[in-house]
file structure-v6.pdb (PDB, C-alpha atoms, pLDDT in the B column)
ATOM      1  CA  THR Y   1     -28.001 -81.821-109.629  1.00 61.00           C
ATOM      2  CA  PRO Y   2     -25.447 -83.833-107.625  1.00 63.00           C
ATOM      3  CA  THR Y   3     -26.775 -85.748-104.652  1.00 65.00           C
ATOM      4  CA  PRO Y   4     -25.591 -83.947-101.502  1.00 63.00           C
ATOM      5  CA  THR Y   5     -23.146 -85.860 -99.353  1.00 65.00           C
ATOM      6  CA  PRO Y   6     -24.724 -86.548 -95.975  1.00 65.00           C
ATOM      7  CA  THR Y   7     -22.964 -84.982 -93.024  1.00 61.00           C
ATOM      8  CA  PRO Y   8     -22.133 -87.590 -90.375  1.00 62.00           C
ATOM      9  CA  THR Y   9     -23.695 -87.001 -86.995  1.00 54.00           C
ATOM     10  CA  PRO Y  10     -20.957 -86.679 -84.352  1.00 57.00           C
ATOM     11  CA  THR Y  11     -21.067 -89.163 -81.494  1.00 57.00           C
ATOM     12  CA  PRO Y  12     -21.944 -87.242 -78.338  1.00 62.00           C
ATOM     13  CA  THR Y  13     -19.424 -87.317 -75.506  1.00 69.00           C
ATOM     14  CA  PRO Y  14     -20.887 -88.928 -72.372  1.00 75.00           C
ATOM     15  CA  THR Y  15     -21.472 -86.565 -69.480  1.00 80.00           C
ATOM     16  CA  SER Y  16     -21.159 -89.200 -66.768  1.00 92.00           C
ATOM     17  CA  CYS Y  17     -19.817 -92.670 -66.110  1.00 97.00           C
ATOM     18  CA  SER Y  18     -22.069 -95.717 -66.284  1.00 96.00           C
ATOM     19  CA  PRO Y  19     -21.922 -97.646 -62.968  1.00 96.00           C
ATOM     20  CA  SER Y  20     -24.275-100.300 -64.370  1.00 96.00           C
ATOM     21  CA  THR Y  21     -21.613-101.415 -66.870  1.00 97.00           C
ATOM     22  CA  PRO Y  22     -20.701-105.037 -66.013  1.00 97.00           C
ATOM     23  CA  LEU Y  23     -17.352-105.465 -64.314  1.00 98.00           C
ATOM     24  CA  PRO Y  24     -14.678-107.434 -66.182  1.00 98.00           C
ATOM     25  CA  THR Y  25     -14.574-111.091 -65.189  1.00 97.00           C
ATOM     26  CA  VAL Y  26     -11.679-113.182 -63.919  1.00 98.00           C
ATOM     27  CA  PRO Y  27     -10.567-115.410 -66.830  1.00 97.00           C
ATOM     28  CA  ALA Y  28     -11.215-119.102 -66.235  1.00 96.00           C
ATOM     29  CA  SER Y  29      -7.666-119.855 -67.418  1.00 96.00           C
ATOM     30  CA  TRP Y  30      -6.320-118.234 -64.228  1.00 97.00           C
ATOM     31  CA  GLY Y  31      -7.578-121.131 -62.143  1.00 96.00           C
ATOM     32  CA  SER Y  32      -8.550-120.732 -58.490  1.00 95.00           C
ATOM     33  CA  VAL Y  33      -6.859-117.396 -57.806  1.00 97.00           C
ATOM     34  CA  THR Y  34      -8.119-114.936 -55.217  1.00 98.00           C
ATOM     35  CA  THR Y  35      -9.699-111.936 -56.912  1.00 98.00           C
ATOM     36  CA  ILE Y  36      -7.833-108.807 -55.841  1.00 98.00           C
ATOM     37  CA  LEU Y  37      -9.448-106.236 -58.135  1.00 98.00           C
ATOM     38  CA  ARG Y  38     -11.948-105.875 -60.974  1.00 98.00           C
ATOM     39  CA  ASP Y  39     -12.294-102.297 -62.195  1.00 98.00           C
ATOM     40  CA  ASN Y  40     -13.928-100.668 -65.210  1.00 98.00           C
ATOM     41  CA  PHE Y  41     -13.483 -97.169 -63.756  1.00 98.00           C
ATOM     42  CA  GLU Y  42     -17.211 -96.467 -63.906  1.00 98.00           C
ATOM     43  CA  GLY Y  43     -17.837 -96.373 -60.153  1.00 95.00           C
ATOM     44  CA  SER Y  44     -17.479 -93.717 -57.481  1.00 93.00           C
ATOM     45  CA  PRO Y  45     -15.267 -92.493 -55.928  1.00 94.00           C
ATOM     46  CA  ALA Y  46     -12.678 -92.276 -58.696  1.00 94.00           C
ATOM     47  CA  PHE Y  47      -9.945 -94.900 -58.225  1.00 98.00           C
ATOM     48  CA  GLY Y  48     -11.774 -96.143 -55.147  1.00 97.00           C
ATOM     49  CA  ASN Y  49     -10.539 -99.698 -55.815  1.00 97.00           C
ATOM     50  CA  TRP Y  50      -6.874 -98.692 -55.809  1.00 98.00           C
ATOM     51  CA  THR Y  51      -4.444 -98.412 -52.898  1.00 98.00           C
ATOM     52  CA  GLU Y  52      -2.497 -95.374 -54.111  1.00 98.00           C
ATOM     53  CA  VAL Y  53      -2.968 -92.665 -56.739  1.00 98.00           C
ATOM     54  CA  HIS Y  54       0.202 -90.668 -57.296  1.00 98.00           C
ATOM     55  CA  GLU Y  55       0.516 -87.356 -59.161  1.00 98.00           C
ATOM     56  CA  GLU Y  56       3.490 -84.990 -59.232  1.00 98.00           C
ATOM     57  CA  GLY Y  57       4.215 -81.828 -61.185  1.00 98.00           C
ATOM     58  CA  ASP Y  58       1.991 -81.494 -64.244  1.00 98.00           C
ATOM     59  CA  ALA Y  59       1.203 -85.234 -64.356  1.00 98.00           C
ATOM     60  CA  THR Y  60      -2.369 -86.389 -63.761  1.00 98.00           C
ATOM     61  CA  ALA Y  61      -4.331 -89.560 -63.047  1.00 98.00           C
ATOM     62  CA  THR Y  62      -7.980 -88.920 -63.925  1.00 98.00           C
ATOM     63  CA  ILE Y  63     -11.149 -90.615 -65.092  1.00 98.00           C
ATOM     64  CA  SER Y  64     -11.936 -89.844 -68.734  1.00 97.00           C
ATOM     65  CA  MET Y  65     -15.368 -89.732 -70.292  1.00 95.00           C
ATOM     66  CA  GLY Y  66     -15.685 -90.548 -73.966  1.00 89.00           C
ATOM     67  CA  VAL Y  67     -12.561 -92.655 -74.433  1.00 97.00           C
ATOM     68  CA  SER Y  68     -13.192 -96.119 -72.997  1.00 98.00           C
ATOM     69  CA  TYR Y  69     -13.106 -99.776 -73.928  1.00 98.00           C
ATOM     70  CA  THR Y  70     -16.428-100.557 -72.277  1.00 98.00           C
ATOM     71  CA  GLY Y  71     -19.005 -98.273 -70.719  1.00 98.00           C
ATOM     72  CA  ASN Y  72     -18.400 -94.527 -70.724  1.00 97.00           C
ATOM     73  CA  CYS Y  73     -15.243 -94.117 -68.656  1.00 98.00           C
ATOM     74  CA  ALA Y  74     -11.636 -95.250 -68.354  1.00 98.00           C
ATOM     75  CA  ALA Y  75      -8.553 -94.283 -66.382  1.00 98.00           C
ATOM     76  CA  ARG Y  76      -6.342 -91.662 -68.026  1.00 98.00           C
ATOM     77  CA  LEU Y  77      -2.661 -91.192 -67.124  1.00 98.00           C
ATOM     78  CA  GLN Y  78      -0.782 -88.202 -68.502  1.00 98.00           C
ATOM     79  CA  ALA Y  79       2.820 -87.166 -67.870  1.00 98.00           C
ATOM     80  CA  SER Y  80       5.319 -84.927 -69.634  1.00 98.00           C
ATOM     81  CA  THR Y  81       9.085 -84.579 -69.989  1.00 96.00           C
ATOM     82  CA  ALA Y  82       9.155 -82.022 -67.162  1.00 97.00           C
ATOM     83  CA  GLY Y  83      11.667 -82.860 -64.459  1.00 97.00           C
ATOM     84  CA  ASN Y  84       8.989 -83.288 -61.775  1.00 98.00           C
ATOM     85  CA  SER Y  85       6.293 -85.032 -63.852  1.00 98.00           C
ATOM     86  CA  MET Y  86       5.217 -88.473 -62.560  1.00 98.00           C
ATOM     87  CA  THR Y  87       1.966 -90.411 -62.220  1.00 98.00           C
ATOM     88  CA  TYR Y  88       0.887 -93.940 -61.384  1.00 98.00           C
ATOM     89  CA  ILE Y  89      -1.834 -95.937 -59.629  1.00 98.00           C
ATOM     90  CA  ARG Y  90      -1.076 -98.957 -57.442  1.00 98.00           C
ATOM     91  CA  LYS Y  91      -2.909-101.912 -55.984  1.00 98.00           C
ATOM     92  CA  ASP Y  92      -1.506-103.577 -52.881  1.00 98.00           C
ATOM     93  CA  LEU Y  93      -1.955-107.333 -53.133  1.00 98.00           C
ATOM     94  CA  GLY Y  94      -2.634-107.728 -49.421  1.00 97.00           C
ATOM     95  CA  GLY Y  95       0.626-109.366 -48.448  1.00 96.00           C
ATOM     96  CA  ALA Y  96       3.288-111.521 -50.084  1.00 98.00           C
ATOM     97  CA  ARG Y  97       1.918-113.371 -53.108  1.00 98.00           C
ATOM     98  CA  THR Y  98       3.565-116.195 -55.020  1.00 98.00           C
ATOM     99  CA  ASP Y  99       1.324-116.365 -58.097  1.00 98.00           C
ATOM    100  CA  VAL Y 100       0.037-113.113 -59.636  1.00 98.00           C
ATOM    101  CA  TRP Y 101      -2.063-112.374 -62.714  1.00 98.00           C
ATOM    102  CA  ALA Y 102      -3.046-108.971 -64.108  1.00 98.00           C
ATOM    103  CA  THR Y 103      -4.808-107.934 -67.283  1.00 98.00           C
ATOM    104  CA  GLY Y 104      -6.198-104.720 -68.719  1.00 98.00           C
ATOM    105  CA  TRP Y 105      -7.078-102.896 -71.910  1.00 98.00           C
ATOM    106  CA  PHE Y 106      -4.664-100.114 -72.879  1.00 98.00           C
ATOM    107  CA  ASN Y 107      -4.851 -97.311 -75.441  1.00 98.00           C
ATOM    108  CA  VAL Y 108      -1.734 -95.145 -75.800  1.00 98.00           C
ATOM    109  CA  THR Y 109      -2.679 -91.957 -77.628  1.00 98.00           C
ATOM    110  CA  GLU Y 110       0.566 -90.041 -77.084  1.00 97.00           C
ATOM    111  CA  ALA Y 111       4.022 -91.570 -76.748  1.00 95.00           C
ATOM    112  CA  GLY Y 112       7.147 -89.878 -75.459  1.00 92.00           C
ATOM    113  CA  VAL Y 113      10.706 -89.435 -76.614  1.00 91.00           C
ATOM    114  CA  VAL Y 114      12.347 -92.112 -78.748  1.00 91.00           C
ATOM    115  CA  ASN Y 115      14.606 -93.564 -76.047  1.00 91.00           C
ATOM    116  CA  ASN Y 116      11.769 -94.044 -73.549  1.00 95.00           C
ATOM    117  CA  ASP Y 117       8.589 -96.093 -73.221  1.00 97.00           C
ATOM    118  CA  VAL Y 118       4.980 -96.135 -71.993  1.00 98.00           C
ATOM    119  CA  PRO Y 119       4.281 -98.685 -69.236  1.00 98.00           C
ATOM    120  CA  TYR Y 120       1.458-101.218 -69.234  1.00 98.00           C
ATOM    121  CA  LEU Y 121       1.752-103.506 -66.186  1.00 98.00           C
ATOM    122  CA  ARG Y 122       4.461-103.402 -63.505  1.00 98.00           C
ATOM    123  CA  PHE Y 123       4.961-105.983 -60.715  1.00 98.00           C
ATOM    124  CA  PHE Y 124       6.838-105.164 -57.494  1.00 98.00           C
ATOM    125  CA  GLN Y 125       8.259-107.456 -54.830  1.00 97.00           C
ATOM    126  CA  ASP Y 126       8.041-104.594 -52.309  1.00 96.00           C
ATOM    127  CA  SER Y 127       7.124-100.908 -52.439  1.00 94.00           C
ATOM    128  CA  GLN Y 128      10.469 -99.938 -53.990  1.00 94.00           C
ATOM    129  CA  THR Y 129      11.570-102.955 -56.034  1.00 96.00           C
ATOM    130  CA  ARG Y 130      10.066-103.577 -59.447  1.00 98.00           C
ATOM    131  CA  ILE Y 131      11.118-106.931 -60.906  1.00 98.00           C
ATOM    132  CA  VAL Y 132       8.927-107.438 -64.020  1.00 98.00           C
ATOM    133  CA  ASP Y 133       7.018-105.168 -66.379  1.00 98.00           C
ATOM    134  CA  VAL Y 134       5.575-104.946 -69.880  1.00 98.00           C
ATOM    135  CA  PHE Y 135       5.769-101.697 -71.854  1.00 98.00           C
ATOM    136  CA  ARG Y 136       5.370-100.086 -75.268  1.00 98.00           C
ATOM    137  CA  GLN Y 137       8.700 -98.941 -76.685  1.00 98.00           C
ATOM    138  CA  ASN Y 138       8.354 -95.466 -78.181  1.00 97.00           C
ATOM    139  CA  ALA Y 139      10.880 -96.252 -80.923  1.00 95.00           C
ATOM    140  CA  GLY Y 140       9.036 -98.650 -83.194  1.00 95.00           C
ATOM    141  CA  GLY Y 141       5.967 -99.197 -81.018  1.00 97.00           C
ATOM    142  CA  ASN Y 142       6.532-102.850 -80.094  1.00 98.00           C
ATOM    143  CA  ALA Y 143       5.619-104.424 -76.767  1.00 98.00           C
ATOM    144  CA  TRP Y 144       8.597-105.465 -74.613  1.00 98.00           C
ATOM    145  CA  LEU Y 145       9.126-107.512 -71.475  1.00 98.00           C
ATOM    146  CA  ARG Y 146      11.617-106.143 -68.928  1.00 98.00           C
ATOM    147  CA  THR Y 147      12.960-108.071 -65.945  1.00 98.00           C
ATOM    148  CA  VAL Y 148      15.647-107.648 -63.331  1.00 97.00           C
ATOM    149  CA  ASP Y 149      19.020-109.037 -64.427  1.00 97.00           C
ATOM    150  CA  PRO Y 150      20.395-111.154 -61.543  1.00 94.00           C
ATOM    151  CA  SER Y 151      23.800-111.421 -63.248  1.00 93.00           C
ATOM    152  CA  ASN Y 152      24.190-107.642 -63.148  1.00 93.00           C
ATOM    153  CA  PRO Y 153      22.478-106.136 -60.067  1.00 88.00           C
ATOM    154  CA  GLY Y 154      20.779-102.831 -60.800  1.00 89.00           C
ATOM    155  CA  SER Y 155      20.400-103.663 -64.495  1.00 95.00           C
ATOM    156  CA  TRP Y 156      17.585-105.001 -66.646  1.00 97.00           C
ATOM    157  CA  SER Y 157      17.045-107.717 -69.233  1.00 97.00           C
ATOM    158  CA  TYR Y 158      14.846-106.911 -72.234  1.00 98.00           C
ATOM    159  CA  THR Y 159      12.805-109.136 -74.551  1.00 98.00           C
ATOM    160  CA  ASP Y 160      11.089-107.815 -77.678  1.00 98.00           C
ATOM    161  CA  LEU Y 161       7.663-109.486 -77.706  1.00 98.00           C
ATOM    162  CA  GLY Y 162       7.371-109.020 -81.469  1.00 98.00           C
ATOM    163  CA  THR Y 163       3.954-107.372 -81.307  1.00 98.00           C
ATOM    164  CA  LEU Y 164       3.227-103.904 -82.660  1.00 98.00           C
ATOM    165  CA  MET Y 165       1.136-101.727 -80.336  1.00 98.00           C
ATOM    166  CA  PRO Y 166      -0.304 -98.965 -82.570  1.00 98.00           C
ATOM    167  CA  LEU Y 167      -1.217 -95.606 -81.109  1.00 98.00           C
ATOM    168  CA  ASP Y 168      -4.919 -94.831 -80.675  1.00 98.00           C
ATOM    169  CA  GLN Y 169      -5.910 -98.487 -80.506  1.00 98.00           C
ATOM    170  CA  TRP Y 170      -7.206-100.592 -77.634  1.00 98.00           C
ATOM    171  CA  GLN Y 171      -5.150-103.713 -76.908  1.00 98.00           C
ATOM    172  CA  GLN Y 172      -5.307-106.177 -74.045  1.00 98.00           C
ATOM    173  CA  VAL Y 173      -2.139-107.002 -72.114  1.00 98.00           C
ATOM    174  CA  THR Y 174      -1.974-109.872 -69.618  1.00 98.00           C
ATOM    175  CA  LEU Y 175       0.996-110.655 -67.359  1.00 98.00           C
ATOM    176  CA  HIS Y 176       1.428-113.751 -65.186  1.00 98.00           C
ATOM    177  CA  VAL Y 177       4.368-114.180 -62.802  1.00 98.00           C
ATOM    178  CA  VAL Y 178       5.226-116.920 -60.308  1.00 98.00           C
ATOM    179  CA  PRO Y 179       8.309-115.543 -58.521  1.00 98.00           C
ATOM    180  CA  ASN Y 180      10.555-118.441 -57.574  1.00 98.00           C
ATOM    181  CA  GLY Y 181      14.133-117.227 -57.891  1.00 97.00           C
ATOM    182  CA  ALA Y 182      15.973-118.938 -60.740  1.00 97.00           C
ATOM    183  CA  HIS Y 183      12.913-121.081 -61.516  1.00 98.00           C
ATOM    184  CA  SER Y 184      10.262-118.384 -61.932  1.00 98.00           C
ATOM    185  CA  THR Y 185       7.333-118.502 -64.363  1.00 98.00           C
ATOM    186  CA  LEU Y 186       6.766-115.528 -66.700  1.00 98.00           C
ATOM    187  CA  GLN Y 187       3.979-115.394 -69.266  1.00 98.00           C
ATOM    188  CA  VAL Y 188       2.622-112.568 -71.416  1.00 98.00           C
ATOM    189  CA  TRP Y 189      -0.455-112.448 -73.644  1.00 98.00           C
ATOM    190  CA  ILE Y 190      -1.464-109.634 -76.001  1.00 98.00           C
ATOM    191  CA  ASP Y 191      -5.033-109.742 -77.292  1.00 98.00           C
ATOM    192  CA  ASP Y 192      -5.309-113.359 -76.080  1.00 95.00           C
ATOM    193  CA  VAL Y 193      -2.213-114.429 -78.029  1.00 98.00           C
ATOM    194  CA  ARG Y 194       0.581-115.802 -75.869  1.00 98.00           C
ATOM    195  CA  VAL Y 195       3.732-113.941 -76.883  1.00 98.00           C
ATOM    196  CA  PHE Y 196       6.084-115.121 -74.114  1.00 98.00           C
ATOM    197  CA  SER Y 197       6.245-118.109 -71.793  1.00 98.00           C
ATOM    198  CA  ASP Y 198       9.089-119.424 -69.662  1.00 98.00           C
ATOM    199  CA  THR Y 199       8.579-121.650 -66.621  1.00 97.00           C
ATOM    200  CA  ASN Y 200      12.265-121.627 -65.668  1.00 97.00           C
ATOM    201  CA  TYR Y 201      13.132-117.936 -65.792  1.00 98.00           C
ATOM    202  CA  ASP Y 202      15.883-116.550 -63.557  1.00 97.00           C
ATOM    203  CA  LEU Y 203      14.710-113.528 -61.568  1.00 97.00           C
ATOM    204  CA  GLY Y 204      17.442-113.877 -58.950  1.00 96.00           C
ATOM    205  CA  PRO Y 205      17.429-115.418 -55.470  1.00 95.00           C
ATOM    206  CA  THR Y 206      15.476-112.620 -53.774  1.00 94.00           C
ATOM    207  CA  ALA Y 207      12.525-112.795 -56.210  1.00 97.00           C
ATOM    208  CA  THR Y 208      10.211-115.001 -54.175  1.00 97.00           C
ATOM    209  CA  GLN Y 209       7.172-112.772 -53.665  1.00 98.00           C
ATOM    210  CA  LEU Y 210       5.090-109.996 -55.206  1.00 98.00           C
ATOM    211  CA  THR Y 211       3.196-107.339 -53.266  1.00 98.00           C
ATOM    212  CA  ILE Y 212       2.115-104.574 -55.696  1.00 98.00           C
ATOM    213  CA  VAL Y 213       0.699-104.194 -59.206  1.00 98.00           C
ATOM    214  CA  GLN Y 214       1.192-100.770 -60.757  1.00 98.00           C
ATOM    215  CA  LEU Y 215      -0.108 -98.897 -63.787  1.00 98.00           C
ATOM    216  CA  GLY Y 216       2.008 -95.920 -64.837  1.00 98.00           C
ATOM    217  CA  ALA Y 217       5.611 -95.036 -64.015  1.00 98.00           C
ATOM    218  CA  GLU Y 218       7.295 -94.486 -60.635  1.00 98.00           C
ATOM    219  CA  HIS Y 219       9.948 -92.165 -62.062  1.00 95.00           C
ATOM    220  CA  TYR Y 220       9.990 -88.750 -63.678  1.00 97.00           C
ATOM    221  CA  GLN Y 221       9.748 -87.630 -67.310  1.00 96.00           C
ATOM    222  CA  GLN Y 222       7.855 -90.719 -68.545  1.00 96.00           C
ATOM    223  CA  GLN Y 223       5.894 -88.772 -71.158  1.00 97.00           C
ATOM    224  CA  MET Y 224       2.572 -90.348 -72.160  1.00 98.00           C
ATOM    225  CA  ILE Y 225      -1.155 -90.097 -72.549  1.00 98.00           C
ATOM    226  CA  GLU Y 226      -2.577 -93.523 -71.821  1.00 98.00           C
ATOM    227  CA  TYR Y 227      -6.142 -94.743 -71.313  1.00 98.00           C
ATOM    228  CA  ILE Y 228      -6.750 -97.917 -69.288  1.00 98.00           C
ATOM    229  CA  ASP Y 229      -9.940 -99.931 -68.853  1.00 98.00           C
ATOM    230  CA  ASP Y 230     -11.278-103.261 -67.566  1.00 98.00           C
ATOM    231  CA  VAL Y 231      -8.406-104.169 -65.242  1.00 98.00           C
ATOM    232  CA  VAL Y 232      -8.453-107.492 -63.391  1.00 98.00           C
ATOM    233  CA  ILE Y 233      -5.896-108.662 -60.811  1.00 98.00           C
ATOM    234  CA  GLY Y 234      -5.799-112.087 -59.204  1.00 98.00           C
ATOM    235  CA  ALA Y 235      -3.258-113.708 -56.895  1.00 98.00           C
ATOM    236  CA  ASN Y 236      -2.422-116.556 -54.568  1.00 98.00           C
TER     237      ASN Y 236
END
call {"tool": "encode", "arguments": {"input": "structure-v6.pdb", "output": "structure tokens"}}
result
Amino acid sequence: TPTPTPTPTPTPTPTSCSPSTPLPTVPASWGSVTTILRDNFEGSPAFGNWTEVHEEGDATATISMGVSYTGNCAARLQASTAGNSMTYIRKDLGGARTDVWATGWFNVTEAGVVNNDVPYLRFFQDSQTRIVDVFRQNAGGNAWLRTVDPSNPGSWSYTDLGTLMPLDQWQQVTLHVVPNGAHSTLQVWIDDVRVFSDTNYDLGPTATQLTIVQLGAEHYQQQMIEYIDDVVIGAN
């Protein structure tokens, strides 16, 4: 008689977040920055550490239970290709900052159309002006760096970071920017591997400060399902 194959026991889905989960720490490599935010999305109220939570149309920003990097909970952003679908969360840095770090763990489980992307971290110099971001390109799945193009106002410069970001997999993305016009510093790490570094990067003459870090997209039809956990922001 054949030995019966054991049936695996399904992992139960948590029914609540775990506020006792340790908060992510500020990496020592950041130096003596001021801690702006440490969030594992386990506390209450939901998104209580963030300045703005934006949802339009069928898009949502929620706390998920069962899909997380640590603890029981993570942030979940979902948007569709509908013309009025948009969601993001923002953290105000408390004034003009000249040295900003942000890191988080990201798990994209649904990408959008081929000619679009899913955002990771976005840095703004004011409430309307994004100047640097890192994203997952839907076509191919690589991580990319996008910056303002000072030689062509209103346009962007793109750098393929040469790192595949598979769906349904947690990966850490870290972005460091010192906005200083034509002599800015830009650095990107993925899973603790530095994939971009330039200490003399041209962001244009007006790029001298940062005021907001954003997760998600500030425009419509950015289709995605993305889970985010263990976010840390520091600045000077």
call {"tool": "residues_around", "arguments": {"input": "structure-v6.pdb", "residues": "Gly83 (chain Y)", "least_positions_apart": "3", "cutoff": "9 Å", "atoms": "only C-alpha atoms", "output": "ChimeraX atom specification"}}
result
/Y:57,80,86,220-221
call {"tool": "residues_around", "arguments": {"input": "structure-v6.pdb", "residues": "region 231-233 of chain Y", "least_positions_apart": "4", "cutoff": "9 Å", "atoms": "all atoms listed in the file", "output": "PyMOL selection string"}}
result
chain Y and resi 24-27+34-41+91+93+100-105+213
call {"tool": "axis_aligned_box", "arguments": {"input": "structure-v6.pdb", "around": "region 21-39 of chain Y", "padding_each_side": "6 Å", "output": "JSON"}}
result
{"center_x": -14.0, "center_y": -111.3, "center_z": -61.3, "size_x": 27.3, "size_y": 31.7, "size_z": 24.2}
call {"tool": "closest_residue", "arguments": {"input": "structure-v6.pdb", "among": "Y:Cys73, Y:Leu161, Y:Ala235, Y:Val178", "to": "Ile131 (chain Y)", "atoms": "all atoms listed in the file"}}
result
Y:Val178
call {"tool": "residues_around", "arguments": {"input": "structure-v6.pdb", "residues": "Pro22 (chain Y)", "least_positions_apart": "4", "cutoff": "10 Å", "atoms": "all atoms listed in the file", "output": "PyMOL selection string"}}
result
chain Y and resi 18+39-40+42+70-71+230
call {"tool": "resolve_selection", "arguments": {"input": "structure-v6.pdb", "expression": "the PyMOL selection byres ((chain Y and resi 137) around 12)", "output": "ChimeraX atom specification"}}
result
/Y:108,111-120,134-136,138-146,158-167,222-224
call {"tool": "decode", "arguments": {"input": "structure-v6.pdb", "residues": "region 145-159 of chain Y", "atoms": "N, CA and C atoms", "output": "mmCIF file, in the first residue's frame"}}
result
data_model
loop_
_atom_site.group_PDB
_atom_site.id
_atom_site.type_symbol
_atom_site.label_atom_id
_atom_site.label_comp_id
_atom_site.auth_asym_id
_atom_site.auth_seq_id
_atom_site.Cartn_x
_atom_site.Cartn_y
_atom_site.Cartn_z
ATOM 1 N N LEU Y 145 16.027 54.397 -12.116
ATOM 2 C CA LEU Y 145 16.114 55.702 -11.482
ATOM 3 C C LEU Y 145 15.630 56.748 -12.475
ATOM 4 N N ARG Y 146 14.773 57.660 -12.005
ATOM 5 C CA ARG Y 146 14.245 58.732 -12.856
ATOM 6 C C ARG Y 146 14.506 60.062 -12.169
ATOM 7 N N THR Y 147 15.030 61.022 -12.942
ATOM 8 C CA THR Y 147 15.319 62.344 -12.393
ATOM 9 C C THR Y 147 14.847 63.416 -13.371
ATOM 10 N N VAL Y 148 14.650 64.618 -12.846
ATOM 11 C CA VAL Y 148 14.348 65.736 -13.728
ATOM 12 C C VAL Y 148 15.524 65.938 -14.691
ATOM 13 N N ASP Y 149 15.209 66.414 -15.889
ATOM 14 C CA ASP Y 149 16.226 66.677 -16.906
ATOM 15 C C ASP Y 149 16.375 68.191 -17.053
ATOM 16 N N PRO Y 150 17.390 68.795 -16.446
ATOM 17 C CA PRO Y 150 17.512 70.262 -16.477
ATOM 18 C C PRO Y 150 17.773 70.808 -17.880
ATOM 19 N N SER Y 151 18.248 69.977 -18.795
ATOM 20 C CA SER Y 151 18.495 70.442 -20.161
ATOM 21 C C SER Y 151 17.230 70.497 -20.994
ATOM 22 N N ASN Y 152 16.151 69.912 -20.463
ATOM 23 C CA ASN Y 152 14.885 69.859 -21.194
ATOM 24 C C ASN Y 152 13.752 69.965 -20.185
ATOM 25 N N PRO Y 153 13.436 71.181 -19.715
ATOM 26 C CA PRO Y 153 12.439 71.364 -18.656
ATOM 27 C C PRO Y 153 11.126 70.648 -18.970
ATOM 28 N N GLY Y 154 10.599 69.976 -17.949
ATOM 29 C CA GLY Y 154 9.376 69.204 -18.109
ATOM 30 C C GLY Y 154 9.611 67.773 -18.535
ATOM 31 N N SER Y 155 10.877 67.412 -18.771
ATOM 32 C CA SER Y 155 11.210 66.051 -19.194
ATOM 33 C C SER Y 155 11.996 65.336 -18.099
ATOM 34 N N TRP Y 156 12.238 64.047 -18.340
ATOM 35 C CA TRP Y 156 12.912 63.201 -17.370
ATOM 36 C C TRP Y 156 14.139 62.536 -17.980
ATOM 37 N N SER Y 157 15.082 62.195 -17.118
ATOM 38 C CA SER Y 157 16.214 61.346 -17.475
ATOM 39 C C SER Y 157 16.029 59.997 -16.787
ATOM 40 N N TYR Y 158 16.386 58.920 -17.481
ATOM 41 C CA TYR Y 158 16.157 57.573 -16.973
ATOM 42 C C TYR Y 158 17.461 56.787 -16.944
ATOM 43 N N THR Y 159 17.655 56.016 -15.858
ATOM 44 C CA THR Y 159 18.808 55.140 -15.732
ATOM 45 C C THR Y 159 18.336 53.753 -15.316
#
